[in-house]
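For reference, query.cif is printed below; it contains mmCIF, C-alpha atoms and all ligand atoms.
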```cif
data_input
loop_
_atom_site.label_atom_id
_atom_site.label_comp_id
_atom_site.auth_asym_id
_atom_site.auth_seq_id
_atom_site.Cartn_x
_atom_site.Cartn_y
_atom_site.Cartn_z
CA MET H 105 16.94 19.27 5.94
CA ILE H 106 13.65 19.35 7.87
CA VAL H 107 10.64 21.45 6.79
CA THR H 108 7.75 21.74 9.25
CA ILE H 109 4.14 22.34 8.26
CA ASP H 110 1.83 22.86 11.22
CA GLY H 111 -1.72 24.13 11.37
CA VAL H 112 -5.23 23.82 12.69
CA ALA H 113 -7.59 20.89 11.97
CA ALA H 114 -8.38 20.36 8.29
CA SER H 115 -6.27 23.32 7.19
CA GLY H 116 -4.86 21.20 4.36
CA LYS H 117 -1.61 20.23 6.11
CA SER H 118 -1.44 16.66 4.77
CA SER H 119 -2.13 17.58 1.14
CA VAL H 120 0.29 20.51 1.29
CA ALA H 121 2.98 18.44 3.04
CA SER H 122 2.54 15.72 0.43
CA GLY H 123 2.87 18.21 -2.45
CA VAL H 124 5.91 19.91 -0.95
CA ALA H 125 7.60 16.59 -0.17
CA SER H 126 6.97 15.36 -3.73
CA ALA H 127 8.39 18.60 -5.15
CA LEU H 128 11.51 18.22 -2.98
CA SER H 129 11.70 14.43 -3.61
CA ILE H 130 11.77 13.69 0.13
CA PRO H 131 9.29 11.86 2.41
CA TYR H 132 6.73 13.56 4.59
CA VAL H 133 5.76 12.45 8.05
CA SER H 134 2.27 12.83 9.50
CA SER H 135 2.48 13.14 13.28
CA GLY H 136 -1.32 13.23 13.49
CA LEU H 137 -1.49 9.73 12.05
CA LEU H 138 0.46 8.41 15.06
CA TYR H 139 -1.97 10.15 17.46
CA ARG H 140 -4.87 8.81 15.42
CA ALA H 141 -3.58 5.21 15.32
CA ALA H 142 -2.94 5.28 19.08
CA THR H 143 -6.52 6.53 19.62
CA LEU H 144 -7.96 3.86 17.33
CA LEU H 145 -6.16 1.06 19.17
CA ALA H 146 -7.31 2.46 22.54
CA LEU H 147 -10.94 2.70 21.39
CA GLU H 148 -10.82 -0.87 20.06
CA ALA H 149 -9.22 -2.19 23.26
CA GLY H 150 -11.58 -0.24 25.53
CA THR H 151 -8.64 1.61 27.11
CA SER H 152 -9.48 4.99 28.62
CA LEU H 153 -8.15 7.87 26.49
CA SER H 154 -7.00 9.64 29.67
CA ASP H 155 -5.15 6.72 31.30
CA ALA H 156 -1.55 7.36 30.24
CA PRO H 157 0.05 4.26 31.86
CA ALA H 158 -2.59 1.94 30.34
CA LEU H 159 -2.21 3.60 26.92
CA LEU H 160 1.59 3.31 27.01
CA SER H 161 1.36 -0.34 27.93
CA LEU H 162 -1.12 -0.96 25.08
CA LEU H 163 1.16 0.86 22.60
CA GLY H 164 4.27 -0.87 23.95
CA ALA H 165 2.76 -4.17 22.82
CA ALA H 166 1.54 -2.82 19.45
CA PRO H 167 4.00 -3.14 16.54
CA LEU H 168 2.92 0.08 14.79
CA ARG H 169 4.76 1.04 11.61
CA LEU H 170 4.38 4.44 9.94
CA GLU H 171 5.16 4.50 6.23
CA PRO H 172 6.12 8.12 5.47
CA LEU H 173 5.44 8.06 1.71
CA ALA H 174 5.49 11.44 -0.06
CA GLY H 175 2.22 10.53 -1.80
CA GLY H 176 0.38 9.89 1.49
CA ASN H 177 1.29 8.39 4.85
CA ARG H 178 0.07 4.93 5.82
CA ILE H 179 0.12 3.17 9.15
CA TYR H 180 0.19 -0.56 9.84
CA LEU H 181 -0.12 -2.85 12.83
CA ASP H 182 2.47 -5.53 12.09
CA THR H 183 1.08 -8.29 14.30
CA PRO H 184 2.79 -11.50 13.01
CA ASP H 185 -0.39 -13.61 12.80
CA CYS H 186 -2.71 -10.88 11.50
CA PRO H 187 -0.98 -7.78 10.01
CA ARG H 188 -3.43 -4.96 9.36
CA GLU H 189 -3.44 -1.50 7.77
CA LEU H 190 -5.01 1.06 10.11
CA THR H 191 -4.92 4.16 7.86
CA ALA H 192 -8.61 4.32 6.89
CA ASP H 193 -9.89 3.33 10.34
CA ALA H 194 -7.76 6.08 11.89
CA HIS H 195 -9.80 8.73 10.04
CA THR H 196 -13.31 8.03 11.33
CA SER H 197 -15.39 10.53 13.31
CA ALA H 198 -15.02 8.34 16.42
CA VAL H 199 -11.24 8.84 16.23
CA ASP H 200 -11.72 12.56 15.41
CA ALA H 201 -13.79 12.94 18.58
CA GLY H 202 -11.35 11.07 20.86
CA VAL H 203 -7.90 11.96 19.60
CA SER H 204 -7.53 15.32 21.36
CA ALA H 205 -8.01 13.71 24.79
CA LEU H 206 -5.14 11.31 24.19
CA ALA H 207 -3.01 14.04 22.58
CA GLN H 208 -3.31 16.15 25.74
CA LEU H 209 -1.32 13.64 27.76
CA PRO H 210 2.37 14.64 28.03
CA GLN H 211 3.44 10.96 28.17
CA LEU H 212 1.64 10.26 24.90
CA ARG H 213 3.19 13.33 23.28
CA GLU H 214 6.59 12.01 24.33
CA TRP H 215 5.74 8.60 22.83
CA VAL H 216 4.94 10.24 19.46
CA ASN H 217 7.86 12.68 19.60
CA ALA H 218 10.43 9.95 20.31
CA ARG H 219 9.27 8.10 17.19
CA LEU H 220 9.51 11.24 15.08
CA ARG H 221 12.95 12.23 16.37
CA ALA H 222 14.24 8.74 15.52
CA LEU H 223 13.61 9.38 11.80
CA THR H 224 16.51 10.28 9.54
CA PRO H 225 16.18 13.63 7.67
CA PRO H 226 15.51 14.95 5.10
CA PHE H 227 11.71 15.06 5.47
CA VAL H 228 8.71 17.33 5.75
CA ALA H 229 7.07 16.98 9.20
CA GLU H 230 3.39 17.84 9.49
CA GLY H 231 1.21 18.38 12.58
CA ARG H 232 0.59 20.93 15.32
CA ASP H 233 3.90 21.32 17.15
CA MET H 234 6.53 20.17 14.64
CA GLY H 235 8.14 23.62 14.41
CA THR H 236 7.87 24.37 18.14
CA ALA H 237 8.33 21.31 20.37
CA VAL H 238 9.62 18.56 18.09
CA PHE H 239 11.93 20.07 15.46
CA PRO H 240 12.80 23.60 16.64
CA GLN H 241 15.97 23.35 14.53
CA ALA H 242 13.98 22.96 11.25
CA ARG H 243 15.27 24.93 8.29
CA ALA H 244 11.88 26.29 7.21
CA LYS H 245 8.63 26.42 9.20
CA PHE H 246 5.05 27.08 8.10
CA PHE H 247 1.74 27.35 9.94
CA LEU H 248 -1.50 27.00 7.97
CA VAL H 249 -4.76 28.65 8.97
CA ALA H 250 -8.18 28.93 7.28
CA SER H 251 -11.66 29.91 8.38
CA PRO H 252 -13.71 27.15 10.08
CA ARG H 253 -16.30 27.24 7.27
CA VAL H 254 -13.69 26.76 4.52
CA ARG H 255 -12.12 23.92 6.49
CA ALA H 256 -15.51 22.25 7.05
CA LEU H 257 -16.33 22.50 3.34
CA ARG H 258 -12.99 20.88 2.50
CA ARG H 259 -13.52 18.07 5.01
CA VAL H 260 -17.00 17.14 3.75
CA LYS H 261 -15.43 16.62 0.34
CA GLU H 262 -13.15 13.96 1.87
CA ARG H 263 -15.79 12.34 4.08
CA VAL H 264 -19.56 12.53 4.10
CA GLY H 265 -21.10 14.78 6.72
CA ASP H 266 -23.20 17.82 7.38
CA VAL H 267 -21.18 21.06 6.95
CA GLU H 268 -22.61 22.70 10.10
CA ALA H 269 -21.86 19.65 12.27
CA VAL H 270 -18.39 19.21 10.78
CA GLU H 271 -17.64 22.92 11.38
CA GLN H 272 -18.72 22.67 15.03
CA ALA H 273 -16.61 19.52 15.52
CA LEU H 274 -13.56 21.28 14.00
CA ILE H 275 -14.03 24.30 16.27
CA ALA H 276 -14.31 21.98 19.30
CA ARG H 277 -11.14 20.12 18.29
CA ASP H 278 -9.28 23.44 17.72
CA GLU H 279 -10.14 24.39 21.31
CA GLN H 280 -9.01 21.05 22.72
CA ASP H 281 -5.77 21.19 20.71
CA GLN H 282 -5.04 24.83 21.54
CA LEU H 283 -2.17 24.11 23.91
CA GLN H 284 0.00 22.43 21.25
CA SER H 285 -1.25 24.44 18.24
CA HIS H 286 0.62 27.69 17.92
CA PRO H 287 3.09 28.88 15.29
CA ALA H 288 6.79 28.96 16.07
CA ALA H 289 8.20 32.48 16.35
CA ASP H 290 10.11 31.88 13.11
CA ALA H 291 7.22 30.25 11.21
CA GLN H 292 5.62 31.78 8.15
CA ILE H 293 1.83 31.90 8.62
CA ILE H 294 -0.20 31.14 5.50
CA ASP H 295 -3.96 31.79 5.37
CA THR H 296 -5.22 29.17 2.91
CA SER H 297 -8.89 30.32 2.90
CA ASP H 298 -8.61 31.89 -0.55
CA LEU H 299 -5.86 29.70 -2.00
CA ASP H 300 -6.17 26.42 -3.83
CA LEU H 301 -3.84 23.53 -3.05
CA ALA H 302 -1.35 24.45 -5.80
CA GLY H 303 -1.28 28.02 -4.46
CA VAL H 304 -0.41 26.93 -0.94
CA ILE H 305 2.25 24.49 -2.17
CA ALA H 306 3.78 27.30 -4.27
CA ALA H 307 3.80 29.64 -1.25
CA VAL H 308 5.56 27.02 0.88
CA MET H 309 8.08 26.19 -1.86
CA ALA H 310 8.89 29.90 -2.23
CA GLY H 311 9.53 30.05 1.53
CA VAL H 312 11.70 26.92 1.48
CA GLN H 313 13.86 28.35 -1.30
CA GLU H 314 14.34 31.76 0.37
O1 LIG W 401 -5.91 17.19 9.78
P1 LIG W 401 -6.48 16.98 11.12
O2 LIG W 401 -6.20 18.13 12.02
O3 LIG W 401 -7.92 16.58 11.10
O4 LIG W 401 -5.81 15.73 11.79
P2 LIG W 401 -4.36 15.35 12.21
O5 LIG W 401 -3.33 16.33 11.80
O6 LIG W 401 -4.25 13.95 11.76
O7 LIG W 401 -4.42 15.41 13.82
C1 LIG W 401 -5.33 14.64 14.56
C2 LIG W 401 -5.20 15.04 16.02
O8 LIG W 401 -3.93 14.63 16.52
C3 LIG W 401 -5.30 16.51 16.35
O9 LIG W 401 -6.65 16.93 16.53
C4 LIG W 401 -4.50 16.62 17.66
O10 LIG W 401 -5.29 16.27 18.78
C5 LIG W 401 -3.45 15.55 17.49
N1 LIG W 401 -2.15 16.08 17.06
C6 LIG W 401 -1.35 16.73 17.99
O11 LIG W 401 -1.78 16.94 19.13
N2 LIG W 401 -0.09 17.12 17.66
C7 LIG W 401 0.39 16.91 16.43
N3 LIG W 401 1.63 17.28 16.14
C8 LIG W 401 -0.42 16.29 15.45
C9 LIG W 401 -1.69 15.90 15.79
#
```

How would this structure read if it were set down as structure tokens?
Amino acid sequence: MIVTIDGVAASGKSSVASGVASALSIPYVSSGLLYRAATLLALEAGTSLSDAPALLSLLGAAPLRLEPLAGGNRIYLDTPDCPRELTADAHTSAVDAGVSALAQLPQLREWVNARLRALTPPFVAEGRDMGTAVFPQARAKFFLVASPRVRALRRVKERVGDVEAVEQALIARDEQDQLQSHPAADAQIIDTSDLDLAGVIAAVMAGVQE
């Protein structure tokens, strides 16, 4: 069984996917974390975020390992001499600002998608295009939306920042991610603006059990 939870930036996808996966006792997989880790490595190496061949060669030499824990995904760089966890560094504003450029490249989308399709179900897959491009065969699909202000208020609780600036950055990222961010025809759209986390998880669980 595969359940997909897609949605716009900071719509609560990770927390909802984590809650749903825990309730179903299955892992959840954050596709965004792969895009983020790839962006982090490129920024650190000084590789252009629009140079697909250079990015693929950088990633080909990077032993990245995604740990799809239901409680929260983690990502590691398993270099033999100096293994390192990248999870926290993949969530900085520098990565936020750069990730959409890398995610626009079809070759990089294929690199992420191949890794996701190699995973053995059951799992909850979370991102932008899980229900459309990556797992069209999923049993239940959801797409989360919320107003930019609500999303900005949620994000400043996770990371420090000015609400106005965070809201503008989210709107900019929504625009850049537009191409890959639309609900599947058979997805249930959930507006989370007026729901708390438990409410959204309950709505998804009701949909899964239909
Ligand atoms: O929760 P938030 O939207 O901030 O982050 P995320 O889900 O970790 O996604 C980070 C970025 O990865 C997005 O802004 C997209 O550029 C890209 N992404 C994508 O293009 N397709 C996906 N399936 C998941 C993420």

8 Å shell around ligand LIG 401 (chain W) using only C-alpha atoms and all ligand atoms, listed as a VMD selection string = chain H and resid 110 to 118 134 to 140 195 200 203 to 208 213 230 to 234 274 277 to 278 280 to 281 284 to 285

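Relative to CA of Ala242 (chain H), CA of Met105 (chain H) is found at 7.1 Å.
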
Give me the residues within 9 Å of Thr108 (chain H) as a ChimeraX atom specification, counting only C-alpha atoms and dropping any in the same chain fewer than 4 places off.
-> /H:121,227-231,233-235,239,242-247,291

Could you name the residues that touch Arg188 (chain H) at 10 Å or less, counting only C-alpha atoms, but leaving out those on the same chain fewer than 6 positions away, as a compact mmCIF listing (two decimals) with C-alpha atoms, in the coordinates of the input?
```txt
# COMPACT_ATOMS: atom_id res chain seq x y z
CA LEU H 168 2.92 0.08 14.79
CA ILE H 179 0.12 3.17 9.15
CA TYR H 180 0.19 -0.56 9.84
CA LEU H 181 -0.12 -2.85 12.83
CA ASP H 182 2.47 -5.53 12.09
```

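Around Leu299 (chain H), within 12 Å and counting all atoms listed in the file, the residues found are Ser115, Gly116, Val120, Leu248, Val249, Ala250, Ser251, Val254, Ile294, Asp295, Thr296, Ala302, Gly303, Val304, Ile305, Ala306 and Ala307 of chain H, once anything fewer than 3 positions away on its own chain is removed.
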